[in-house]
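Working notes, beginning with the structure itself.
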Amino acid sequence: MITQVRNVTAACALVASLGTLAACAGPEETGSTRAPLPAPSASAASPLSSVSPGARPPTLAPGPQGLTPVFEHGSRSGDRAVALTFDADMTAGQGVRAKRGERFDNPGLIGALRELKVPATVFMTGRWAEEYPGQARAIGRDPQFEVGNHSYSHYAFTDDCYDLPTLDEKRMRGDVERAYTAFQKVGVRDVMPYFRFPGGCYDRRALKALAPVGVTAVQWDVVSGDAFATNARAVAQGVLDGVRAGSVVVLHCTLSAAPTTERVIRRIVPALRDKGFRFVKVSELIGAAGGRG
């Protein structure tokens, strides 16, 4: 049986970045613990609906009994490839805070990645793409990046996930499909069939609910600790100490919640290159895995 993920190191970073954001919002922003959402559109997009079979990105084979497969890291041998991933978090109810000036985006970070020529995978929530459609389109159309699905609402897929509002099992699939529809509406091209659970929280029930969508769930093996960090040097050192061949590093593309991330990137990129690492998108790691998680 696949149990809910509770990476001890991840908890330290994600309690701050996810649970605290939800806890700070008022009732009008988060809703009840098990938050209702509008029903998904009947035309909800599939991640592969517009992709020709010959051009389909690599995915993992389904897990036992057809469950959604989970990818945590690539091969530890051979090529020293590492994937930097960035969560563009915004919950369904945080529009009020954005209107008040809170920055859930981070253009400086994306600019730094372009400047340093670092391929990366950005996991967006559908709500984030709606709030920042121009940035979402630009990231999705830049061959240096690839876009993954981080749900529409950034609500939890398990009952105990850092105080995030919780999706009912019947709405899990619809929430993911609604995000793909949002990406399509704002013009994000070629969204990958990769999904990151809000908070990294999942269980067998969630993996079963998402199986019909055809996504590969992407976790990580290195937590950056950038959430609410103020010491970029310390965050960078933690990443440098944790990265191995095939690592997937989780960072954040949310200025208000992770203000040091651009500075972290400017430290770790040259340092890792000096150590012989090269940066790749998640799709390259998954493709090299040959269908194995």
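Ligands are numbered from 1 in the order shown, chains are lettered A, B, ... in the order of the structure tokens, and residues start at 1 in each chain.
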
Within 7 Å of stretch 138-155 of chain A, which residues of stretch 170-242 of chain A come that close, and what is the closest atom pair and distance in Å for each? Count only C-alpha atoms and give it as JSON lines.
```
{"residue": "A:Asp175", "atom": "CA", "partner": "A:Tyr152", "partner_atom": "CA", "distance": 5.5}
{"residue": "A:Val176", "atom": "CA", "partner": "A:Ser151", "partner_atom": "CA", "distance": 4.8}
{"residue": "A:Arg178", "atom": "CA", "partner": "A:Tyr152", "partner_atom": "CA", "distance": 6.0}
{"residue": "A:Ala179", "atom": "CA", "partner": "A:Tyr152", "partner_atom": "CA", "distance": 4.3}
{"residue": "A:Val188", "atom": "CA", "partner": "A:Gly140", "partner_atom": "CA", "distance": 5.0}
{"residue": "A:Arg189", "atom": "CA", "partner": "A:Gly140", "partner_atom": "CA", "distance": 5.4}
{"residue": "A:Val191", "atom": "CA", "partner": "A:Val147", "partner_atom": "CA", "distance": 5.2}
{"residue": "A:Met192", "atom": "CA", "partner": "A:Gly148", "partner_atom": "CA", "distance": 5.2}
{"residue": "A:Pro193", "atom": "CA", "partner": "A:Gly148", "partner_atom": "CA", "distance": 6.8}
{"residue": "A:Tyr194", "atom": "CA", "partner": "A:Gly148", "partner_atom": "CA", "distance": 5.1}
{"residue": "A:Phe195", "atom": "CA", "partner": "A:Asn149", "partner_atom": "CA", "distance": 4.7}
{"residue": "A:Arg196", "atom": "CA", "partner": "A:His150", "partner_atom": "CA", "distance": 5.0}
{"residue": "A:Phe197", "atom": "CA", "partner": "A:His150", "partner_atom": "CA", "distance": 6.2}
{"residue": "A:Pro198", "atom": "CA", "partner": "A:His154", "partner_atom": "CA", "distance": 5.5}
```

Filtering to C-alpha atoms, could you give me those residues as a CSV table (one decimal), in the first residue's frame?
```csv
chain,number,residue,atom,x,y,z
A,175,ASP,CA,-9.3,20.0,-10.1
A,176,VAL,CA,-6.4,18.8,-12.1
A,178,ARG,CA,-9.5,22.4,-14.5
A,179,ALA,CA,-5.9,23.5,-14.3
A,188,VAL,CA,0.2,28.1,-22.3
A,189,ARG,CA,1.5,25.7,-24.9
A,191,VAL,CA,1.8,21.6,-20.9
A,192,MET,CA,3.5,18.4,-19.8
A,193,PRO,CA,1.6,15.4,-18.4
A,194,TYR,CA,3.4,15.9,-15.0
A,195,PHE,CA,1.6,16.7,-11.8
A,196,ARG,CA,2.9,17.9,-8.4
A,197,PHE,CA,0.6,17.4,-5.4
A,198,PRO,CA,0.1,20.5,-3.3
```

My list of candidates is A:Ala211, A:Val264, A:Ala83, A:Ala182. Which is closest to A:Ala61 when distances are computed with only C-alpha atoms?
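Smallest separation from A:Ala61 among the options: A:Ala211.
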
Shortest contact to A:Asp87, candidates A:Tyr202, A:Tyr162, A:Tyr180, A:Trp220, atoms counted only C-alpha atoms, goes to A:Trp220

- Task: Counting only C-alpha atoms, figure out which residue out of A:Val280, A:Met172, A:Ala245, A:Val250 gets nearest to A:Gly74.
- Result: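 Among the listed residues, the smallest separation from A:Gly74 belongs to A:Ala245.
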
**Report entry** DSSP-assigned helix (DSSP H, G or I) members of stretch 87-293 of chain A, reported as a PyMOL selection string
**Finding:** chain A and resi 95-99+107-116+126-131+133-141+169-186+198-200+204-213+232-242+261-274+282-289
